[in-house]
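Chemist: Once you've had a glance at the structure underneath, I'll fire off some questions.
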Amino acid sequence: MKKIKDIEKYENKWVVLNERGTEVVKASNSFKDVFKVLKGSKDKRVLFKVPSSNLVYSP
Amino acid sequence: MGLISQEFVELPGIDKKGKPGTILRPVVTFSMNYKRGRIFTTNGLLDSGADYNLFPGEYCYGLGVNIKKGIPVEIGGIGSRVPLKGYRHFGIKIFLGEYSFETYIDFCMEQGAALLGREGFFNKFKSINFKHQKNIVILEY
């Protein structure tokens with residue numbers, strides 16, 4: 001199981017993780033803000049939107 | 001043939017008691033690009049209940065895609081009674097370790113999580129095996 005430190009603090013935000021995928025290094029309400037943090041095509045840091053803690057996913 | 005193993009990821013969600021907390025989800029980390037453009041890495045929820053891939057519209061900015069130039073599609077689900085407007089784009093490449101494939105994705109500005117659906121993701125693999133006791137998923141290509 002993969003854990004990201006304090007991920008619950010970032011719900012509904014766009015985030016970029018560190019290289020190990022264990023911590024958030026940048027968070028924003030704007031995709032463009034977090035995308036700027038990535039440095040070129042070789043940057044393998046993960047960018048995604050953190051889901052809400054108040055929702056159950058169901059198709 | 002190859003195998004890709006990825007661990008489930010703990011993300012915010014409603015816990016077993018119905019309270020806000022965290023929950024383990026079968027999320028896959030992958031990279032993507034469009035027409036030799038910039039590659040970026042993200043993650044997506046493996047969703048065998050989703051007909052197609054459905055990604056947040058914001059990803060179009062990262063890919064260099066004009067969202068509204070895609071094929072309009074209506075997107076429905078339990079969460080929205082009124083179908084949402086999405087746009088389908090072809091020619092998007094997905095990279096998972098040594099394996100890569102070209103696919104199509106529906107983008108929708110109201111969508112939050114990237115959903116990896118049956119057509120366009122699951123059907124690109126020989127098998128996708130959820131090992132819930134070990135909290136891993138194994139994708140065979």
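Here, A, B, ... name the chains of the structure tokens in the order displayed, residue numbers run from 1 inside each chain, and ligands are numbered from 1 in the same displayed order.
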At most 7 Å is the cut-off: for each residue in chain A with any atom that close to an atom of chain B, write down the nearest atom pair and the distance in Å rounded to one decimal, counting only C-alpha atoms, chain first then increasing number, as a tab-separated table.
Modeler:
residue	atom	partner	partner_atom	distance
A:Met1	CA	B:Glu7	CA	5.1
A:Lys2	CA	B:Val9	CA	4.7
A:Lys3	CA	B:Glu10	CA	5.5
A:Ile7	CA	B:Leu11	CA	6.7
A:Glu8	CA	B:Pro12	CA	5.4
A:Glu11	CA	B:Pro12	CA	6.7
A:Phe31	CA	B:Glu58	CA	6.4
A:Ser41	CA	B:Ile39	CA	4.8
A:Lys44	CA	B:Thr41	CA	5.7
A:Arg45	CA	B:Thr41	CA	6.3
A:Val46	CA	B:Thr42	CA	4.7
A:Leu47	CA	B:Thr42	CA	4.8
A:Phe48	CA	B:Thr42	CA	5.6
A:Lys49	CA	B:Ala113	CA	6.3
A:Pro51	CA	B:Pro12	CA	6.0
A:Ser52	CA	B:Pro12	CA	5.9
A:Ser53	CA	B:Gly13	CA	3.8
A:Asn54	CA	B:Pro20	CA	5.4
A:Leu55	CA	B:Gly13	CA	5.8
A:Val56	CA	B:Ile14	CA	6.0
A:Ser58	CA	B:Ile78	CA	6.8
A:Pro59	CA	B:Gly77	CA	5.5
Chemist: DSSP says strand (DSSP E) for which residues of segment 5-135 of chain B? Put them as a VMD selection string?
Modeler: chain B and resid 5 to 7 9 to 14 20 to 25 27 to 34 40 to 46 54 to 56 71 to 77 80 to 96 99 to 108 115 to 116 127 to 131
Chemist: Which residues, written as a ChimeraX atom specification, have at least one atom at most 12 Å from Phe121 of chain B, with only C-alpha atoms counted and residues fewer than 3 positions away on the same chain left out?
Modeler: /B:28,30,44-48,50-54,92-96,100-105,114-118,124-128,139,141
